[in-house]
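Visitor: Structure below; questions to follow.
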Amino acid sequence: MKKLLSAAEAAKLLGVSTATLYSYVSRGMLSSLPGQGERSKQYPRDQVLRLAARRKDGRQAGHTVEQAIDWGKPILESRITLIEHGMIRYRGHDAMKLARNATLEQVAMILWDSDSKSYFDDATPVIEPQRWSAMREPFAGCLPLQRGAALLAAATPLLKPSDPLTDGAQLMRLLAAALLDADISTAPLHQQCCDAWRLGAEHADLVRAALIACADHELNVSTFTVRCVASTGASLPAALLAGLSALSGPRHGGESLRVWAMIDAAMASDDTYGALHQRLAQPGLILGYGSQLPGFGHPLYPDGDPRGRMLIQMLEAQAGNAEIAALLALADIASKLTGQAPNIDFALAAIEHAFGLARGASQTLFALGRCAGWIAHAIEQAASGQLIRPRARYVGTFDFLDY
């Protein structure tokens, strides 16, 4: 089978003129090799076939889909969250204003498009307390996300499905208890966090705001995963388990753990600037967005992540806390090093570090808050009746094809 094609053969496969073929070479889309004649060129057959596949895919809007998978425009229609001009809106409401005043339960009702009642009013225990206590025991030493996923999976067969919104409220309470290693409670979710972490009333607003800031972020990786699973007709607990699994990765919800480790190392050093600079320059290390320090910058917010900005401002208001002052100084140094502002991951890790919270508390805030959005997206996706099934563009070897 021929490995190289003449200009005429390559142009025919691509469905273009030889002039266009030459332009592909000049634009770096295709390479050419010397042919038999003085001015003739030959073209690698595999490259030509790959380019033909890309051109065909592009005509079928594949280029748009490809970009959507990597920080492009949304590929699914949704009525839940709009991110535009540096603002986040939950069904038209400014999310940062909600974070200043609302509870996570109230925001969940907004995201779930329910204005008739709060589905959190039902005080029926999801699982009998003694049974829940026994279920928790083997996972007491795990990180919150590990414990949350394990207990949600274990509890699913014991749950009695009702309507999606009632189930959603019950699942959020169950997940809060699993993440916090606590009893299942009907107390406000932010208060449950404060009680588990022994935080005073002066910190309640910060915890509540953090949960709401995390509640939704349109088609992030975990939410897209939830929608994919929900599109198959799987149960709501199954979709949430998929979301927790996606969230655990170091480039998503696991980012806050890496930020915490970076903060810890920098704070322990006599030279904060040097410690951060060394980390930034360390080869082979997974950094944050755009190869910056983890916790800084975000592709959707050229002028800074509004969630990180709001939570940093609330931390600044905690007057007289030397730990917070040191964290803010560290953030300033890192921003100068990277040219980027702190994002939500830095803010969550800073909250965990500042108040000496249980390891992984930052992930608890992220997962518990985001659960509200996952449920909204799972319900919306199920209501659409559509199965999410992207196509793959084949770019492997073409040697077995006979053209």
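Every chain in the structure tokens takes a letter, A first, then B, and so on in the order presented; its residues are numbered from 1, and the ligands are numbered from 1 following the presented order.
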Can you tell me, as a list in words, what residues are no more than 8 Å from region 258-262 of chain A when counting only C-alpha atoms, ignoring any on the same chain fewer than 6 positions away?
Guide: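 What passes the distance filter is Pro250, Leu276, Pro294, Gly295, Asp345, Phe346, Ala349, Ala350, Glu352 and His353 of chain A.
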Visitor: Write out as an NGL selection string all residues of region 47-269 of chain A that backbone DSSP assigns to strand (DSSP E or B).
Guide: :A and (81-84 or 87-90 or 93-94)
Visitor: At a cut-off of 12 Å, using only C-alpha atoms, what residues contact Asn343 (chain A)? Leave out same-chain residues fewer than 4 positions from it and give the result as a ChimeraX atom specification.
Guide: /A:213-214,255-256,259,288-289,292-312,331,334-335,347-350
Visitor: Go ahead and save the residues from that selection, with C-alpha atoms, as a CSV table (one decimal), in the first residue's frame.
Guide:
```csv
chain,number,residue,atom,x,y,z
A,213,ALA,CA,-20.4,30.2,45.3
A,214,CYS,CA,-19.7,26.5,44.5
A,255,GLU,CA,-7.3,21.2,43.0
A,256,SER,CA,-8.0,22.6,46.4
A,259,VAL,CA,-3.5,24.4,46.7
A,288,GLY,CA,-3.1,25.1,37.5
A,289,TYR,CA,-4.8,26.6,34.5
A,292,GLN,CA,0.1,28.8,36.5
A,293,LEU,CA,0.3,28.1,40.2
A,294,PRO,CA,-2.7,26.0,41.4
A,295,GLY,CA,-5.4,28.3,42.7
A,296,PHE,CA,-4.7,31.2,40.4
A,297,GLY,CA,-6.3,32.3,37.2
A,298,HIS,CA,-9.3,30.8,35.4
A,299,PRO,CA,-10.0,30.5,31.6
A,300,LEU,CA,-13.5,31.8,32.0
A,301,TYR,CA,-12.5,35.0,33.9
A,302,PRO,CA,-9.8,37.1,32.3
A,303,ASP,CA,-10.3,39.7,35.0
A,304,GLY,CA,-10.4,37.3,37.9
A,305,ASP,CA,-12.7,34.6,39.3
A,306,PRO,CA,-15.7,36.5,41.0
A,307,ARG,CA,-16.1,33.6,43.5
A,308,GLY,CA,-12.5,33.7,44.6
A,309,ARG,CA,-12.6,37.5,44.8
A,310,MET,CA,-15.8,37.5,47.0
A,311,LEU,CA,-14.5,34.9,49.4
A,312,ILE,CA,-11.1,36.6,49.7
A,331,ALA,CA,-1.9,35.4,47.6
A,334,ALA,CA,1.5,34.5,43.9
A,335,SER,CA,-0.6,36.9,41.9
A,347,ALA,CA,-10.2,30.7,48.4
A,348,LEU,CA,-11.5,27.3,49.6
A,349,ALA,CA,-8.1,26.1,50.6
A,350,ALA,CA,-7.4,29.4,52.4
```
Visitor: Measuring atom to atom with only C-alpha atoms, identify which of A:Gly148, A:Gly385, A:Gly373, A:Gly254 is nearest to Leu111 (chain A).
Guide: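 Nearest candidate to Leu111 (chain A) out of A:Gly148, A:Gly385, A:Gly373, A:Gly254: A:Gly373.
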Visitor: Which residues come within 10 Å of Ala209 (chain A), counting only C-alpha atoms, excluding same-chain residues fewer than 5 positions away, as a PDB file with C-alpha atoms, in the first residue's frame?
Guide:
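Final file, result31.pdb:
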```
ATOM      1  CA  ALA A  95     -24.860  34.318  42.268  1.00  0.00           C
ATOM      2  CA  MET A  96     -22.497  36.494  44.285  1.00  0.00           C
ATOM      3  CA  LYS A  97     -25.400  38.556  45.646  1.00  0.00           C
ATOM      4  CA  LEU A  98     -27.175  35.337  46.591  1.00  0.00           C
ATOM      5  CA  ALA A  99     -24.005  34.212  48.350  1.00  0.00           C
ATOM      6  CA  ARG A 100     -24.097  37.303  50.535  1.00  0.00           C
ATOM      7  CA  ASN A 101     -27.654  36.747  51.763  1.00  0.00           C
ATOM      8  CA  ALA A 102     -29.241  33.391  50.898  1.00  0.00           C
ATOM      9  CA  THR A 103     -28.845  29.863  52.251  1.00  0.00           C
ATOM     10  CA  LEU A 104     -27.734  26.922  50.133  1.00  0.00           C
ATOM     11  CA  HIS A 190     -23.930  25.680  56.383  1.00  0.00           C
ATOM     12  CA  ALA A 204     -21.182  31.089  59.506  1.00  0.00           C
ATOM     13  CA  CYS A 214     -19.748  26.488  44.549  1.00  0.00           C
ATOM     14  CA  ALA A 215     -23.386  25.633  43.794  1.00  0.00           C
ATOM     15  CA  ARG A 307     -16.090  33.559  43.495  1.00  0.00           C
ATOM     16  CA  MET A 310     -15.779  37.525  47.009  1.00  0.00           C
ATOM     17  CA  LEU A 311     -14.470  34.899  49.443  1.00  0.00           C
ATOM     18  CA  MET A 314     -14.868  38.062  53.268  1.00  0.00           C
ATOM     19  CA  LEU A 365     -17.530  22.885  50.670  1.00  0.00           C
ATOM     20  CA  GLY A 369     -22.380  23.208  47.297  1.00  0.00           C
TER      21      GLY A 369
END
```
Visitor: Measuring between only C-alpha atoms, which one of A:Ile375, A:Ala182, A:Ile351, A:Val25 shows the shortest distance to Ala238 (chain A)?
Guide: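 Checking each of A:Ile375, A:Ala182, A:Ile351, A:Val25 against Ala238 (chain A), counting only C-alpha atoms, the winner is A:Ile375.
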Visitor: Leaving out Ser118 (chain A) and any residue of its chain fewer than 2 positions from it, which residues lie within 7 Å of it when counting only C-alpha atoms, given as a VMD selection string?
Guide: chain A and resid 109 120 to 121
Visitor: According to DSSP computed on the backbone, where in region 48-223 of chain A is there helix (DSSP H, G or I)? Give the residues as a ChimeraX atom specification.
Guide: /A:48-59,62-69,95-101,104-111,129-139,144-158,164-180,189-197,201-213,221-223
